[in-house]
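Text of final_2.txt (compact mmCIF, C-alpha atoms and all ligand atoms) as supplied:
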# COMPACT_ATOMS: atom_id res chain seq x y z
CA MET A 1225 68.29 -90.50 -40.30
CA ASP A 1226 64.58 -91.23 -40.36
CA LYS A 1227 64.47 -92.79 -36.94
CA GLY A 1228 66.13 -89.85 -35.31
CA ASN A 1229 69.28 -89.37 -33.45
CA GLU A 1230 69.75 -91.18 -30.18
CA SER A 1231 72.29 -89.88 -27.74
CA THR A 1232 73.60 -92.25 -25.11
CA ALA A 1233 73.67 -89.93 -22.13
CA VAL A 1234 71.09 -90.72 -19.51
CA ILE A 1235 69.33 -87.66 -18.18
CA VAL A 1236 67.26 -87.09 -15.10
CA PRO A 1237 63.94 -85.31 -14.58
CA GLY A 1238 64.19 -81.55 -14.88
CA GLU A 1239 67.27 -81.67 -17.04
CA HIS A 1240 67.43 -79.52 -20.18
CA VAL A 1241 66.75 -81.47 -23.38
CA ALA A 1242 66.30 -78.80 -26.08
CA LEU A 1243 65.01 -75.30 -26.71
CA ILE A 1244 61.42 -74.81 -27.92
CA GLU A 1245 62.85 -72.99 -30.95
CA GLU A 1246 64.62 -76.21 -31.94
CA PHE A 1247 62.16 -78.98 -31.11
CA GLU A 1248 58.63 -79.74 -30.07
CA SER A 1249 58.04 -81.26 -26.69
CA GLY A 1250 57.29 -84.99 -27.09
CA LYS A 1251 56.61 -87.92 -24.78
CA ASN A 1252 58.07 -87.70 -21.26
CA THR A 1253 59.06 -84.05 -21.63
CA TYR A 1254 57.62 -80.76 -20.48
CA VAL A 1255 58.28 -77.09 -21.21
CA LEU A 1256 59.50 -74.59 -18.64
CA ASP A 1257 60.65 -71.05 -19.53
CA GLY A 1258 61.29 -71.90 -23.19
CA ASP A 1259 63.24 -74.99 -22.25
CA ILE A 1260 62.19 -78.53 -23.03
CA ARG A 1261 63.02 -80.66 -20.02
CA ALA A 1262 62.90 -84.32 -19.15
CA ALA A 1263 59.99 -85.58 -17.05
CA THR A 1264 61.59 -88.96 -16.46
CA VAL A 1265 64.93 -90.73 -16.31
CA GLY A 1266 65.96 -91.87 -19.77
CA ILE A 1267 67.65 -91.13 -23.05
CA PRO A 1268 66.62 -88.16 -25.19
CA LEU A 1269 65.54 -89.14 -28.68
CA TYR A 1270 65.68 -86.34 -31.25
CA ASP A 1271 63.46 -86.79 -34.28
CA LEU A 1272 65.23 -84.45 -36.69
CA LYS A 1273 62.62 -84.86 -39.40
CA ARG A 1274 59.60 -83.95 -37.31
CA HIS A 1275 61.54 -81.77 -34.89
CA VAL A 1276 60.17 -83.59 -31.89
CA VAL A 1277 62.18 -84.65 -28.89
CA LYS A 1278 61.06 -87.35 -26.49
CA ILE A 1279 62.61 -89.30 -23.67
CA LYS A 1280 62.98 -93.03 -24.06
CA GLN A 1281 62.86 -94.59 -20.64
CA LYS A 1282 65.86 -96.66 -19.84
CA ASN A 1283 64.01 -99.12 -17.67
CA SER A 1284 60.42 -99.82 -17.00
CA PRO A 1285 59.55 -98.60 -13.53
CA MET A 1286 56.72 -101.09 -13.29
CA LEU A 1287 58.36 -102.75 -10.32
CA ALA A 1288 56.36 -100.32 -8.27
CA LYS A 1289 52.63 -100.81 -7.81
CA ILE A 1290 49.93 -98.37 -6.79
CA GLY A 1291 49.78 -98.25 -3.01
CA ASP A 1292 53.46 -99.05 -2.52
CA THR A 1293 55.49 -97.00 -0.07
CA VAL A 1294 58.72 -95.48 -1.31
CA VAL A 1295 61.55 -93.72 0.46
CA GLY A 1296 64.08 -91.72 -1.48
CA TYR A 1297 65.88 -88.44 -1.70
CA VAL A 1298 64.95 -85.29 -3.59
CA GLU A 1299 67.26 -85.19 -6.60
CA MET A 1300 65.72 -82.25 -8.40
CA LEU A 1301 63.09 -79.56 -8.02
CA PHE A 1302 61.35 -78.21 -11.11
CA GLY A 1303 58.40 -75.86 -11.05
CA SER A 1304 55.91 -77.22 -8.54
CA MET A 1305 57.23 -80.77 -8.97
CA MET A 1306 60.18 -82.69 -7.65
CA SER A 1307 61.86 -85.90 -8.61
CA ILE A 1308 62.76 -88.40 -5.94
CA ARG A 1309 65.40 -91.04 -6.42
CA ILE A 1310 64.00 -94.18 -4.86
CA LEU A 1311 66.16 -95.86 -2.25
CA TYR A 1312 63.61 -98.17 -0.66
CA LEU A 1313 60.45 -99.72 -2.02
CA ASN A 1314 58.17 -101.11 0.72
CA GLU A 1315 61.13 -100.99 3.11
CA LYS A 1316 63.29 -103.19 0.92
CA LYS A 1317 66.42 -101.77 -0.60
CA SER A 1318 65.75 -100.84 -4.21
CA LEU A 1319 68.76 -101.14 -6.46
CA ALA A 1320 66.87 -100.28 -9.59
CA GLY A 1321 67.69 -96.59 -9.45
CA PHE A 1322 64.22 -95.45 -10.42
CA SER A 1323 62.88 -91.99 -9.81
CA ALA A 1324 59.44 -90.91 -8.77
CA ILE A 1325 57.66 -87.61 -9.29
CA ALA A 1326 55.79 -85.74 -6.56
CA SER A 1327 54.02 -82.43 -6.32
CA THR A 1328 55.45 -79.89 -3.90
CA ARG A 1329 51.95 -78.51 -3.45
CA ILE A 1330 50.37 -80.12 -0.44
CA ALA A 1331 46.61 -80.45 -0.29
CA SER A 1332 45.11 -78.85 2.76
CA GLY A 1333 43.34 -80.94 5.35
CA GLY A 1334 43.74 -84.61 6.03
CA SER A 1335 47.29 -84.49 7.22
CA GLY A 1336 46.68 -81.97 9.96
CA TRP A 1337 49.58 -80.12 8.48
CA SER A 1338 47.82 -77.10 7.01
CA ARG A 1339 47.01 -74.38 9.47
CA GLY A 1340 44.47 -71.70 8.62
CA ASP A 1341 45.19 -70.51 5.13
CA ARG A 1342 48.73 -71.79 5.09
CA ARG A 1343 48.54 -74.17 2.19
CA GLY A 1344 49.92 -74.66 -1.24
CA ARG A 1345 53.57 -74.85 -2.00
CA VAL A 1346 55.96 -75.74 0.77
CA ILE A 1347 59.70 -75.94 0.93
CA PHE A 1348 61.66 -78.96 -0.15
CA ARG A 1349 65.36 -79.07 -0.79
CA VAL A 1350 67.59 -81.31 -2.83
CA GLY A 1351 68.80 -84.11 -0.57
CA ASP A 1352 65.73 -84.26 1.66
CA ILE A 1353 64.79 -87.85 2.49
CA VAL A 1354 61.14 -88.25 1.57
CA ARG A 1355 58.56 -90.99 2.16
CA GLY A 1356 55.52 -91.20 -0.10
CA ARG A 1357 52.89 -93.51 -1.52
CA VAL A 1358 52.55 -94.49 -5.18
CA PHE A 1359 49.18 -93.32 -6.49
CA SER A 1360 49.68 -93.43 -10.26
CA LEU A 1361 51.90 -95.04 -12.88
CA LEU A 1362 50.69 -92.86 -15.74
CA ASN A 1363 53.05 -92.73 -18.73
CA SER A 1364 55.35 -95.25 -17.03
CA THR A 1365 56.25 -92.65 -14.43
CA ILE A 1366 55.99 -93.35 -10.72
CA HIS A 1367 53.82 -90.62 -9.18
CA ILE A 1368 53.81 -90.41 -5.42
CA THR A 1369 51.76 -88.42 -2.94
CA ILE A 1370 53.14 -87.07 0.31
CA ASP A 1371 49.92 -85.49 1.58
CA GLU A 1372 49.10 -87.88 4.39
CA ARG A 1373 50.59 -87.59 7.83
CA GLU A 1374 53.01 -90.51 7.54
CA TYR A 1375 54.40 -89.02 4.32
CA GLY A 1376 56.65 -86.07 3.63
CA VAL A 1377 60.21 -85.30 4.65
CA LEU A 1378 61.47 -88.16 6.81
CA TYR A 1379 64.87 -86.76 7.55
CA THR A 1380 67.18 -84.04 6.28
CA LEU A 1381 70.35 -82.27 7.27
CA CYS A 1382 70.51 -78.54 8.00
CA PHE A 1383 70.24 -76.46 4.81
CA ASN A 1384 72.63 -73.95 6.32
CA CYS A 1385 75.46 -75.95 7.89
CA GLY A 1386 74.72 -79.63 7.21
CA GLY A 1387 74.17 -80.34 10.89
CA ASP A 1388 71.77 -82.80 12.46
CA THR A 1389 68.15 -81.65 12.77
CA VAL A 1390 65.22 -82.26 15.08
CA ARG A 1391 61.53 -81.70 14.60
CA ILE A 1392 59.83 -78.73 16.23
CA ASN A 1393 56.11 -78.77 15.41
CA ASN A 1394 55.94 -78.38 11.63
CA SER A 1395 59.51 -77.32 11.15
CA ILE A 1396 63.01 -78.67 11.48
CA LYS A 1397 65.64 -77.11 13.69
CA CYS A 1398 69.38 -77.55 13.41
CA ILE A 1399 71.03 -78.65 16.67
CA GLU A 1400 74.30 -77.10 15.49
CA CYS A 1401 73.48 -73.60 14.23
CA GLY A 1402 69.84 -73.20 15.27
CA SER A 1403 68.49 -72.57 11.76
CA GLN A 1404 64.81 -73.38 11.47
CA GLU A 1405 62.71 -74.05 8.39
CA GLU A 1406 59.13 -75.19 7.87
CA ARG A 1407 58.61 -78.46 5.98
CA LYS A 1408 55.95 -81.04 5.34
CA LEU A 1409 57.28 -83.66 7.74
CA THR A 1410 56.34 -87.26 8.40
CA ASN A 1411 54.77 -87.98 11.77
CA ASP A 1412 57.88 -89.98 12.75
CA TYR A 1413 60.45 -87.46 11.46
CA GLY A 1414 64.04 -87.98 12.49
CA LYS A 1415 67.30 -89.78 11.98
CA GLU A 1416 66.03 -92.80 13.92
CA ALA A 1417 63.11 -93.34 11.54
CA PHE A 1418 65.49 -93.35 8.61
CA ARG A 1419 67.92 -95.68 10.40
CA LEU A 1420 65.09 -98.07 11.13
CA ILE A 1421 64.16 -98.34 7.46
CA HIS A 1422 67.78 -98.94 6.60
CA LYS A 1423 68.06 -101.69 9.25
CA THR A 1424 64.86 -103.40 8.17
CA SER A 1425 65.85 -103.33 4.51
CA ILE A 1426 69.18 -105.13 4.90
CA LYS A 1427 67.72 -108.15 6.67
ZN ZN B 1501 72.76 -75.76 10.89

Can the structure in the file be given as structure tokens, please?
Amino acid sequence: MDKGNESTAVIVPGEHVALIEEFESGKNTYVLDGDIRAATVGIPLYDLKRHVVKIKQKNSPMLAKIGDTVVGYVEMLFGSMMSIRILYLNEKKSLAGFSAIASTRIASGGSGWSRGDRRGRVIFRVGDIVRGRVFSLLNSTIHITIDEREYGVLYTLCFNCGGDTVRINNSIKCIECGSQEERKLTNDYGKEAFRLIHKTSIK
């Protein structure tokens, strides 16, 4: 068993891979609260001899290039990062099923989003539709930024009741139950913007 033990289950970013008592954190993994977790979509590879676990990527995400625009949904939040399952790459439907990683910490300035000393970590929720720009492909992982004004949450349903939402300044408001929550939103936030991307992509 020199080459290690390969399981066949595909895991997603943020998913538990091993405990730090059992293995060392190898390529495409990170440690959070004593847990080794996946930093990319792939198959965990356990090297039982060296006690190292790494994630072998199932596909190469090199279809994306730096500067590309991606739209996807938040599939997982982990620490100050989130993984985004890509639905559209440059407004074309992407069937590859790749994920991208983005920071949930938004740089102040530039976007006009930060007010006074309100900066740092903002709220994102699983299922939010997010638009971002690819800025790095380090370690075969697609890293996107959502700092600029056209990037951020493009559309989401109410976190409370699942109702439709509208933008009010820097927050979203549910038209069903009235719940309001601050987000980093795109400048064209709303259902129509998302519909438009969908329409364009199926041409
Ligand atoms: Zn609601």

Inset, instruction - Show me as a PyMOL selection string the residues that reach within 12 Å of (56.9, -79.2, -22.9), counting all atoms listed in the file and using the file's own coordinates. - result: chain A and resi 1238+1240-1245+1247-1263+1276-1279

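Taking only C-alpha atoms and all ligand atoms into account, the residues that come within 7 Å of ligand ZN 1501 (chain B) are Cys1382, Phe1383, Asn1384, Cys1385, Gly1386, Gly1387, Cys1398, Ile1399, Glu1400, Cys1401, Gly1402 and Ser1403 of chain A.
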
Legend entry - Minimum-distance residue to A:Arg1357, chosen among A:Lys1280, A:Lys1289, A:Arg1407, A:Arg1329 (using all atoms listed in the file):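 Nearest candidate to A:Arg1357 out of A:Lys1280, A:Lys1289, A:Arg1407, A:Arg1329: A:Lys1289.
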
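Atom CA of A:Ser1304 is found 22.6 Å from atom CA of A:Gly1291.
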
Inset, instruction - Can you pull out every residue within 8 Å of A:Val1265, counting only C-alpha atoms, but drop anything in the same chain fewer than 2 positions away, and send it as a PyMOL selection string? - result: chain A and resi 1234-1237+1262-1263+1267+1279+1281-1282+1322-1323

Legend entry - Coordinates-based distance that separates atom CA of A:Asp1271 from atom CA of A:Glu1299 (Å, one decimal):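 Computed distance, atom CA of A:Glu1299 to atom CA of A:Asp1271, equals 28.0 Å.
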
Inset, instruction - Could you tell me which of A:Met1300, A:Leu1311, A:Ile1421, A:Ile1368 comes closest to A:Gly1356 if we count all atoms listed in the file? - result: A:Ile1368

Legend entry - Closest of A:Glu1239, A:Glu1406, A:Glu1315, A:Asp1388 to A:Phe1302 - atom-to-atom distances counting all atoms listed in the file: A:Glu1239

Legend entry - Å distance separating atom CA of A:Asp1371 from atom CA of A:Lys1415, one decimal place: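 The value is 20.7 Å.
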
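Nearest residue to A:Asn1393, choosing from A:Glu1405, A:Asp1292, A:Glu1374, A:Glu1246 and counting all atoms listed in the file: A:Glu1405.
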
Inset, instruction - Within 9 Å of A:Asn1411, counting only C-alpha atoms, which residues show up once you throw out same-chain ones fewer than 3 positions away? Write them as a list of chain:residue names, please. - result: A:Arg1373, A:Glu1374, A:Tyr1375, A:Gly1376, A:Leu1378

Legend entry - Among listed residues A:Met1305, A:Leu1361, A:Arg1274, A:Ile1310, nearest A:Ile1330 (using only C-alpha atoms):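 Checking each candidate against A:Ile1330, we get A:Met1305 as the closest.
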
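Distances to A:Thr1293 were evaluated for A:Asn1363, A:Thr1369, A:Thr1264, A:Asn1394 using only C-alpha atoms, and the minimum falls at A:Thr1369.
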